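Source file: input_25.cif. Holds: mmCIF, N, CA and C atoms and all ligand atoms.
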```cif
data_my_file
loop_
_atom_site.group_PDB
_atom_site.id
_atom_site.type_symbol
_atom_site.label_atom_id
_atom_site.label_comp_id
_atom_site.auth_asym_id
_atom_site.auth_seq_id
_atom_site.Cartn_x
_atom_site.Cartn_y
_atom_site.Cartn_z
ATOM 1 N N MET A 6 138.433 239.591 211.312
ATOM 2 C CA MET A 6 139.752 239.015 211.519
ATOM 3 C C MET A 6 139.898 238.501 212.944
ATOM 4 N N ARG A 7 139.687 239.411 213.882
ATOM 5 C CA ARG A 7 139.821 239.047 215.298
ATOM 6 C C ARG A 7 138.877 237.919 215.653
ATOM 7 N N ARG A 8 137.681 238.059 215.136
ATOM 8 C CA ARG A 8 136.642 237.082 215.440
ATOM 9 C C ARG A 8 137.045 235.693 214.916
ATOM 10 N N ALA A 9 137.632 235.688 213.721
ATOM 11 C CA ALA A 9 138.052 234.414 213.137
ATOM 12 C C ALA A 9 139.152 233.774 213.976
ATOM 13 N N ALA A 10 140.076 234.607 214.461
ATOM 14 C CA ALA A 10 141.175 234.076 215.275
ATOM 15 C C ALA A 10 140.623 233.494 216.568
ATOM 16 N N LEU A 11 139.658 234.190 217.139
ATOM 17 C CA LEU A 11 139.062 233.721 218.390
ATOM 18 C C LEU A 11 138.338 232.392 218.163
ATOM 19 N N ALA A 12 137.591 232.348 217.066
ATOM 20 C CA ALA A 12 136.851 231.125 216.753
ATOM 21 C C ALA A 12 137.820 229.954 216.572
ATOM 22 N N ALA A 13 138.933 230.222 215.914
ATOM 23 C CA ALA A 13 139.922 229.171 215.686
ATOM 24 C C ALA A 13 140.511 228.709 217.010
ATOM 25 N N ALA A 14 140.787 229.661 217.893
ATOM 26 C CA ALA A 14 141.359 229.311 219.193
ATOM 27 C C ALA A 14 140.373 228.481 219.997
ATOM 28 N N LEU A 15 139.122 228.865 219.938
ATOM 29 C CA LEU A 15 138.096 228.130 220.676
ATOM 30 C C LEU A 15 137.945 226.721 220.110
ATOM 31 N N ALA A 16 137.986 226.627 218.803
ATOM 32 C CA ALA A 16 137.835 225.324 218.165
ATOM 33 C C ALA A 16 138.982 224.406 218.592
ATOM 34 N N LEU A 17 140.175 224.966 218.657
ATOM 35 C CA LEU A 17 141.337 224.179 219.065
ATOM 36 C C LEU A 17 141.204 223.739 220.512
ATOM 37 N N ALA A 18 140.774 224.673 221.357
ATOM 38 C CA ALA A 18 140.687 224.384 222.786
ATOM 39 C C ALA A 18 139.658 223.293 223.075
ATOM 40 N N SER A 19 138.573 223.293 222.313
ATOM 41 C CA SER A 19 137.516 222.342 222.629
ATOM 42 C C SER A 19 137.638 221.040 221.839
ATOM 43 N N ALA A 20 138.571 220.991 220.912
ATOM 44 C CA ALA A 20 138.690 219.801 220.062
ATOM 45 C C ALA A 20 138.864 218.489 220.829
ATOM 46 N N PRO A 21 139.735 218.441 221.825
ATOM 47 C CA PRO A 21 139.917 217.156 222.507
ATOM 48 C C PRO A 21 138.640 216.663 223.177
ATOM 49 N N ALA A 22 137.834 217.588 223.677
ATOM 50 C CA ALA A 22 136.621 217.192 224.365
ATOM 51 C C ALA A 22 135.573 216.694 223.379
ATOM 52 N N LEU A 23 135.599 217.245 222.181
ATOM 53 C CA LEU A 23 134.575 216.909 221.204
ATOM 54 C C LEU A 23 134.889 215.651 220.415
ATOM 55 N N THR A 24 136.147 215.446 220.131
ATOM 56 C CA THR A 24 136.476 214.294 219.309
ATOM 57 C C THR A 24 136.698 213.077 220.194
ATOM 58 N N GLN A 25 135.887 212.089 219.997
ATOM 59 C CA GLN A 25 136.045 210.826 220.721
ATOM 60 C C GLN A 25 136.836 209.913 219.797
ATOM 61 N N PRO A 26 138.123 209.714 220.053
ATOM 62 C CA PRO A 26 138.930 208.958 219.100
ATOM 63 C C PRO A 26 138.512 207.491 219.004
ATOM 64 N N ALA A 27 138.589 206.967 217.805
ATOM 65 C CA ALA A 27 138.330 205.541 217.615
ATOM 66 C C ALA A 27 139.502 204.786 218.221
ATOM 67 N N ALA A 28 139.292 203.532 218.541
ATOM 68 C CA ALA A 28 140.331 202.757 219.212
ATOM 69 C C ALA A 28 141.633 202.744 218.422
ATOM 70 N N GLY A 29 141.518 202.636 217.123
ATOM 71 C CA GLY A 29 142.712 202.590 216.289
ATOM 72 C C GLY A 29 143.554 203.844 216.426
ATOM 73 N N GLN A 30 142.877 204.982 216.532
ATOM 74 C CA GLN A 30 143.600 206.237 216.672
ATOM 75 C C GLN A 30 144.208 206.377 218.058
ATOM 76 N N SER A 31 143.458 205.989 219.082
ATOM 77 C CA SER A 31 143.997 206.194 220.416
ATOM 78 C C SER A 31 145.112 205.211 220.729
ATOM 79 N N ALA A 32 145.167 204.105 220.004
ATOM 80 C CA ALA A 32 146.280 203.178 220.207
ATOM 81 C C ALA A 32 147.586 203.870 219.852
ATOM 82 N N ALA A 33 147.516 204.853 218.941
ATOM 83 C CA ALA A 33 148.705 205.604 218.564
ATOM 84 C C ALA A 33 149.216 206.423 219.743
ATOM 85 N N SER A 34 148.330 206.793 220.662
ATOM 86 C CA SER A 34 148.760 207.569 221.821
ATOM 87 C C SER A 34 149.511 206.693 222.820
ATOM 88 N N CYS A 35 149.461 205.403 222.659
ATOM 89 C CA CYS A 35 150.211 204.501 223.528
ATOM 90 C C CYS A 35 151.608 204.289 222.966
ATOM 91 N N SER A 36 151.712 204.271 221.632
ATOM 92 C CA SER A 36 152.997 203.965 221.013
ATOM 93 C C SER A 36 153.992 205.112 221.146
ATOM 94 N N GLY A 37 153.519 206.265 221.600
ATOM 95 C CA GLY A 37 154.449 207.359 221.871
ATOM 96 C C GLY A 37 155.429 206.948 222.960
ATOM 97 N N CYS A 38 154.964 206.187 223.910
ATOM 98 C CA CYS A 38 155.830 205.715 225.000
ATOM 99 C C CYS A 38 156.237 204.264 224.803
ATOM 100 N N HIS A 39 155.290 203.459 224.357
ATOM 101 C CA HIS A 39 155.584 202.034 224.209
ATOM 102 C C HIS A 39 156.112 201.767 222.809
ATOM 103 N N ALA A 40 157.326 201.320 222.718
ATOM 104 C CA ALA A 40 157.940 201.050 221.426
ATOM 105 C C ALA A 40 157.195 199.908 220.733
ATOM 106 N N ALA A 41 157.283 199.909 219.416
ATOM 107 C CA ALA A 41 156.580 198.899 218.634
ATOM 108 C C ALA A 41 157.147 197.508 218.867
ATOM 109 N N ALA A 42 158.422 197.428 219.196
ATOM 110 C CA ALA A 42 159.046 196.128 219.409
ATOM 111 C C ALA A 42 159.843 196.167 220.709
ATOM 112 N N PRO A 43 159.963 195.026 221.372
ATOM 113 C CA PRO A 43 160.733 195.004 222.616
ATOM 114 C C PRO A 43 162.169 195.424 222.343
ATOM 115 N N ARG A 44 162.708 196.253 223.215
ATOM 116 C CA ARG A 44 164.097 196.680 223.063
ATOM 117 C C ARG A 44 164.830 196.326 224.343
ATOM 118 N N VAL A 45 165.979 195.818 224.197
ATOM 119 C CA VAL A 45 166.761 195.450 225.380
ATOM 120 C C VAL A 45 167.095 196.728 226.147
ATOM 121 N N GLY A 46 166.838 196.699 227.430
ATOM 122 C CA GLY A 46 167.184 197.840 228.255
ATOM 123 C C GLY A 46 166.200 198.990 228.215
ATOM 124 N N ALA A 47 165.092 198.824 227.503
ATOM 125 C CA ALA A 47 164.118 199.906 227.443
ATOM 126 C C ALA A 47 163.440 200.069 228.810
ATOM 127 N N ALA A 48 163.247 201.311 229.218
ATOM 128 C CA ALA A 48 162.652 201.566 230.530
ATOM 129 C C ALA A 48 161.161 201.260 230.519
ATOM 130 N N ILE A 49 160.556 201.419 229.374
ATOM 131 C CA ILE A 49 159.113 201.204 229.263
ATOM 132 C C ILE A 49 158.868 199.875 228.559
ATOM 133 N N PRO A 50 158.104 198.994 229.180
ATOM 134 C CA PRO A 50 157.878 197.677 228.568
ATOM 135 C C PRO A 50 157.122 197.798 227.244
ATOM 136 N N ALA A 51 157.471 196.959 226.290
ATOM 137 C CA ALA A 51 156.766 196.956 225.013
ATOM 138 C C ALA A 51 155.418 196.269 225.211
ATOM 139 N N ILE A 52 154.396 196.780 224.560
ATOM 140 C CA ILE A 52 153.092 196.134 224.704
ATOM 141 C C ILE A 52 152.621 195.525 223.396
ATOM 142 N N LYS A 53 153.289 195.919 222.324
ATOM 143 C CA LYS A 53 152.916 195.370 221.032
ATOM 144 C C LYS A 53 153.231 193.869 221.053
ATOM 145 N N GLY A 54 152.301 193.078 220.578
ATOM 146 C CA GLY A 54 152.543 191.646 220.548
ATOM 147 C C GLY A 54 152.032 190.923 221.791
ATOM 148 N N ARG A 55 151.687 191.707 222.832
ATOM 149 C CA ARG A 55 151.072 191.077 224.007
ATOM 150 C C ARG A 55 149.665 190.637 223.621
ATOM 151 N N SER A 56 149.143 189.667 224.348
ATOM 152 C CA SER A 56 147.773 189.265 224.055
ATOM 153 C C SER A 56 146.836 190.338 224.579
ATOM 154 N N ALA A 57 145.673 190.432 223.947
ATOM 155 C CA ALA A 57 144.685 191.427 224.365
ATOM 156 C C ALA A 57 144.322 191.211 225.830
ATOM 157 N N ALA A 58 144.209 189.948 226.237
ATOM 158 C CA ALA A 58 143.822 189.644 227.614
ATOM 159 C C ALA A 58 144.836 190.202 228.612
ATOM 160 N N GLU A 59 146.130 190.082 228.270
ATOM 161 C CA GLU A 59 147.181 190.595 229.157
ATOM 162 C C GLU A 59 147.093 192.110 229.280
ATOM 163 N N ILE A 60 146.859 192.762 228.143
ATOM 164 C CA ILE A 60 146.793 194.225 228.149
ATOM 165 C C ILE A 60 145.575 194.695 228.942
ATOM 166 N N VAL A 61 144.434 194.033 228.719
ATOM 167 C CA VAL A 61 143.214 194.401 229.444
ATOM 168 C C VAL A 61 143.439 194.223 230.943
ATOM 169 N N GLU A 62 144.023 193.095 231.319
ATOM 170 C CA GLU A 62 144.237 192.811 232.733
ATOM 171 C C GLU A 62 145.130 193.883 233.372
ATOM 172 N N ALA A 63 146.215 194.231 232.674
ATOM 173 C CA ALA A 63 147.129 195.238 233.214
ATOM 174 C C ALA A 63 146.445 196.603 233.313
ATOM 175 N N MET A 64 145.727 196.977 232.250
ATOM 176 C CA MET A 64 145.079 198.293 232.227
ATOM 177 C C MET A 64 144.012 198.404 233.316
ATOM 178 N N LEU A 65 143.237 197.341 233.515
ATOM 179 C CA LEU A 65 142.184 197.388 234.542
ATOM 180 C C LEU A 65 142.819 197.455 235.935
ATOM 181 N N ALA A 66 143.947 196.774 236.113
ATOM 182 C CA ALA A 66 144.634 196.823 237.407
ATOM 183 C C ALA A 66 145.218 198.215 237.645
ATOM 184 N N PHE A 67 145.754 198.830 236.589
ATOM 185 C CA PHE A 67 146.274 200.205 236.716
ATOM 186 C C PHE A 67 145.124 201.145 237.070
ATOM 187 N N LYS A 68 144.004 200.951 236.384
ATOM 188 C CA LYS A 68 142.831 201.811 236.569
ATOM 189 C C LYS A 68 142.306 201.687 238.002
ATOM 190 N N ALA A 69 142.330 200.473 238.527
ATOM 191 C CA ALA A 69 141.828 200.228 239.879
ATOM 192 C C ALA A 69 142.852 200.628 240.933
ATOM 193 N N GLY A 70 144.087 200.869 240.497
ATOM 194 C CA GLY A 70 145.122 201.248 241.450
ATOM 195 C C GLY A 70 145.746 200.057 242.150
ATOM 196 N N SER A 71 145.437 198.848 241.689
ATOM 197 C CA SER A 71 145.963 197.659 242.353
ATOM 198 C C SER A 71 147.305 197.220 241.782
ATOM 199 N N ARG A 72 147.734 197.873 240.705
ATOM 200 C CA ARG A 72 149.034 197.535 240.136
ATOM 201 C C ARG A 72 149.912 198.783 240.232
ATOM 202 N N PRO A 73 151.101 198.661 240.822
ATOM 203 C CA PRO A 73 151.944 199.840 240.996
ATOM 204 C C PRO A 73 152.316 200.460 239.656
ATOM 205 N N ALA A 74 152.281 201.782 239.590
ATOM 206 C CA ALA A 74 152.571 202.459 238.336
ATOM 207 C C ALA A 74 153.086 203.858 238.605
ATOM 208 N N THR A 75 153.851 204.374 237.663
ATOM 209 C CA THR A 75 154.282 205.765 237.755
ATOM 210 C C THR A 75 153.323 206.632 236.948
ATOM 211 N N VAL A 76 152.992 206.183 235.754
ATOM 212 C CA VAL A 76 152.102 206.980 234.907
ATOM 213 C C VAL A 76 150.877 206.207 234.419
ATOM 214 N N MET A 77 151.002 204.876 234.326
ATOM 215 C CA MET A 77 149.924 204.113 233.702
ATOM 216 C C MET A 77 148.615 204.157 234.496
ATOM 217 N N ASP A 78 148.690 204.366 235.798
ATOM 218 C CA ASP A 78 147.448 204.469 236.575
ATOM 219 C C ASP A 78 146.633 205.662 236.088
ATOM 220 N N ARG A 79 147.337 206.786 235.901
ATOM 221 C CA ARG A 79 146.628 207.991 235.451
ATOM 222 C C ARG A 79 146.117 207.838 234.020
ATOM 223 N N ILE A 80 146.938 207.209 233.182
ATOM 224 C CA ILE A 80 146.531 207.010 231.788
ATOM 225 C C ILE A 80 145.327 206.069 231.719
ATOM 226 N N ALA A 81 145.383 204.972 232.457
ATOM 227 C CA ALA A 81 144.312 203.970 232.399
ATOM 228 C C ALA A 81 142.978 204.544 232.872
ATOM 229 N N ARG A 82 143.036 205.448 233.845
ATOM 230 C CA ARG A 82 141.792 206.048 234.339
ATOM 231 C C ARG A 82 141.089 206.880 233.287
ATOM 232 N N GLY A 83 141.809 207.252 232.240
ATOM 233 C CA GLY A 83 141.201 208.058 231.175
ATOM 234 C C GLY A 83 140.391 207.224 230.192
ATOM 235 N N TYR A 84 140.388 205.915 230.374
ATOM 236 C CA TYR A 84 139.680 205.045 229.435
ATOM 237 C C TYR A 84 138.611 204.228 230.161
ATOM 238 N N SER A 85 137.484 204.034 229.480
ATOM 239 C CA SER A 85 136.449 203.156 230.040
ATOM 240 C C SER A 85 136.886 201.712 229.784
ATOM 241 N N GLU A 86 136.229 200.775 230.442
ATOM 242 C CA GLU A 86 136.593 199.375 230.247
ATOM 243 C C GLU A 86 136.385 198.964 228.782
ATOM 244 N N ALA A 87 135.303 199.461 228.180
ATOM 245 C CA ALA A 87 135.034 199.127 226.775
ATOM 246 C C ALA A 87 136.151 199.660 225.878
ATOM 247 N N GLU A 88 136.612 200.881 226.183
ATOM 248 C CA GLU A 88 137.694 201.465 225.387
ATOM 249 C C GLU A 88 138.978 200.668 225.575
ATOM 250 N N ILE A 89 139.221 200.229 226.794
ATOM 251 C CA ILE A 89 140.422 199.432 227.071
ATOM 252 C C ILE A 89 140.387 198.132 226.273
ATOM 253 N N ARG A 90 139.212 197.496 226.217
ATOM 254 C CA ARG A 90 139.099 196.242 225.459
ATOM 255 C C ARG A 90 139.348 196.476 223.964
ATOM 256 N N ALA A 91 138.811 197.589 223.458
ATOM 257 C CA ALA A 91 139.006 197.907 222.037
ATOM 258 C C ALA A 91 140.473 198.220 221.759
ATOM 259 N N LEU A 92 141.088 198.980 222.678
ATOM 260 C CA LEU A 92 142.501 199.331 222.540
ATOM 261 C C LEU A 92 143.367 198.081 222.554
ATOM 262 N N ALA A 93 143.077 197.207 223.517
ATOM 263 C CA ALA A 93 143.871 195.991 223.675
ATOM 264 C C ALA A 93 143.782 195.142 222.418
ATOM 265 N N ALA A 94 142.571 195.057 221.855
ATOM 266 C CA ALA A 94 142.398 194.267 220.636
ATOM 267 C C ALA A 94 143.244 194.854 219.514
ATOM 268 N N SER A 95 143.246 196.184 219.399
ATOM 269 C CA SER A 95 143.995 196.770 218.295
ATOM 270 C C SER A 95 145.501 196.704 218.554
ATOM 271 N N LEU A 96 145.908 196.865 219.817
ATOM 272 C CA LEU A 96 147.342 196.804 220.129
ATOM 273 C C LEU A 96 147.902 195.395 219.971
ATOM 274 N N SER A 97 147.076 194.409 220.274
ATOM 275 C CA SER A 97 147.576 193.037 220.199
ATOM 276 C C SER A 97 147.599 192.542 218.762
ATOM 277 N N GLY A 98 147.070 193.374 217.871
ATOM 278 C CA GLY A 98 147.117 193.015 216.461
ATOM 279 C C GLY A 98 145.896 192.252 215.996
ATOM 280 N N ALA A 99 144.960 191.997 216.909
ATOM 281 C CA ALA A 99 143.721 191.321 216.515
ATOM 282 C C ALA A 99 142.884 192.285 215.686
ATOM 283 N N LYS A 100 142.253 191.781 214.672
ATOM 284 C CA LYS A 100 141.505 192.701 213.837
ATOM 285 C C LYS A 100 140.031 192.705 214.236
HETATM 286 C C1 LIG B 201 153.705 208.605 229.225
HETATM 287 C C2 LIG B 201 154.211 207.364 228.672
HETATM 288 C C3 LIG B 201 153.178 206.229 228.500
HETATM 289 C C4 LIG B 201 152.049 206.245 227.708
HETATM 290 C C5 LIG B 201 151.493 207.380 226.839
HETATM 291 C C6 LIG B 201 151.468 204.924 227.831
HETATM 292 N N1 LIG B 201 152.218 204.145 228.666
HETATM 293 FE FE1 LIG B 201 151.809 202.208 229.247
HETATM 294 N N2 LIG B 201 153.405 202.212 230.485
HETATM 295 C C7 LIG B 201 154.262 203.296 230.708
HETATM 296 C C8 LIG B 201 155.172 202.980 231.814
HETATM 297 C C9 LIG B 201 156.260 203.904 232.360
HETATM 298 C C10 LIG B 201 154.826 201.682 232.254
HETATM 299 C C11 LIG B 201 155.393 200.902 233.450
HETATM 300 C C12 LIG B 201 154.399 201.069 234.619
HETATM 301 C C13 LIG B 201 154.439 202.469 235.210
HETATM 302 O O1 LIG B 201 155.472 202.871 235.723
HETATM 303 O O2 LIG B 201 153.401 203.189 235.152
HETATM 304 C C14 LIG B 201 153.738 201.216 231.392
HETATM 305 C C15 LIG B 201 153.148 199.950 231.470
HETATM 306 C C16 LIG B 201 152.105 199.500 230.655
HETATM 307 C C17 LIG B 201 151.560 198.164 230.661
HETATM 308 C C18 LIG B 201 152.042 197.008 231.492
HETATM 309 C C19 LIG B 201 153.162 196.308 230.773
HETATM 310 C C20 LIG B 201 153.895 195.369 231.686
HETATM 311 O O3 LIG B 201 154.314 194.336 231.212
HETATM 312 O O4 LIG B 201 154.075 195.706 232.859
HETATM 313 C C21 LIG B 201 150.543 198.132 229.757
HETATM 314 C C22 LIG B 201 149.657 196.949 229.386
HETATM 315 C C23 LIG B 201 150.452 199.463 229.189
HETATM 316 N N3 LIG B 201 151.422 200.261 229.751
HETATM 317 C C24 LIG B 201 149.525 199.827 228.236
HETATM 318 C C25 LIG B 201 149.404 201.121 227.717
HETATM 319 C C26 LIG B 201 148.334 201.524 226.822
HETATM 320 C C27 LIG B 201 147.217 200.613 226.329
HETATM 321 C C28 LIG B 201 148.547 202.848 226.534
HETATM 322 C C29 LIG B 201 147.686 203.776 225.683
HETATM 323 C C30 LIG B 201 146.347 203.981 226.181
HETATM 324 C C31 LIG B 201 149.751 203.261 227.239
HETATM 325 N N4 LIG B 201 150.229 202.186 227.947
HETATM 326 C C32 LIG B 201 150.298 204.532 227.182
HETATM 327 C C33 LIG B 201 154.271 204.477 229.991
HETATM 328 C C34 LIG B 201 153.279 204.908 229.113
#
```

Just give me the structure as structure tokens.
Ligand code: HEC
Amino acid sequence: MRRAALAAALALASAPALTQPAAGQSAASCSGCHAAAPRVGAAIPAIKGRSAAEIVEAMLAFKAGSRPATVMDRIARGYSEAEIRALAASLSGAK
């Protein structure tokens, strides 16, 4: 019993490190903050519908620290350039 609980806890703890999310799945982690459609007065800019090139450019600038950000710099650093390109393609609606 105890052993099973421990194994389950360990599995949970290590899950994020082991699972490399596909671009489609990780795009969902962006929509938690970025609304699907532009909303008037929204504090966070909508990214859905932006071109992939715009998203890539913004993300790379956040990652490099050359674009001012409150949270996006830290978020962008968590992705490789290849992942950013895949994310941008899926967010912009390109298949
Ligand atoms: C914790 C909330 C949060 C999450 C999660 C998040 N963003 Fe952001 N995003 C922001 C905020 C806030 C800004 C405005 C810049 C800043 O203050 O960092 C922003 C700005 C942006 C911009 C620039 C838009 C513009 O016109 O200025 C892009 C592109 C972007 N985010 C892409 C993404 C992508 C791709 C993801 C998923 C990997 C993501 N964001 C996840 C909060 C978030």

*asked:* Residues near stretch 77-91 of chain A, anyone? I mean within 7 Å using only N, CA and C atoms, not counting same-chain ones fewer than 3 positions away, as a ChimeraX atom specification.
replied: /A:28-29,60-61,64-70,73-74,94-96

_Gap from atom C29 of ligand LIG 201 (chain B) to atom C of A:Val76 - Å, one decimal_ =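 Value for the atom C29 of ligand LIG 201 (chain B)-atom C of A:Val76 distance: 9.6 Å.
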
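The residues caught by the PyMOL selection byres (((chain A and resi 52-59 and name CA) around 7) and not hetatm and name CA) in this file are His39, Ala41, Ala42, Pro50, Ala51, Ile60, Val61, Glu62, Ala63, Ala93, Ala94, Leu96, Ser97 and Gly98 of chain A.
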
Can you sort out the box for ligand LIG 201 (chain B), edges along x, y and z, all listed atoms in, 6 Å on every side, with centre and edge lengths in Å to one decimal, as JSON?
```
{"center_x": 151.3, "center_y": 201.5, "center_z": 230.7, "size_x": 21.9, "size_y": 26.3, "size_z": 22.0}
```

*Could you jot down the atom CA of A:Gly46 to atom C28 of ligand LIG 201 (chain B) separation for me, Å, one decimal place?*
19.4 Å

*So what do you get for atom C15 of ligand LIG 201 (chain B) versus atom CA of A:Ala48, distance-wise?*
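Result for atom C15 of ligand LIG 201 (chain B) versus atom CA of A:Ala48: 9.7 Å, one decimal.
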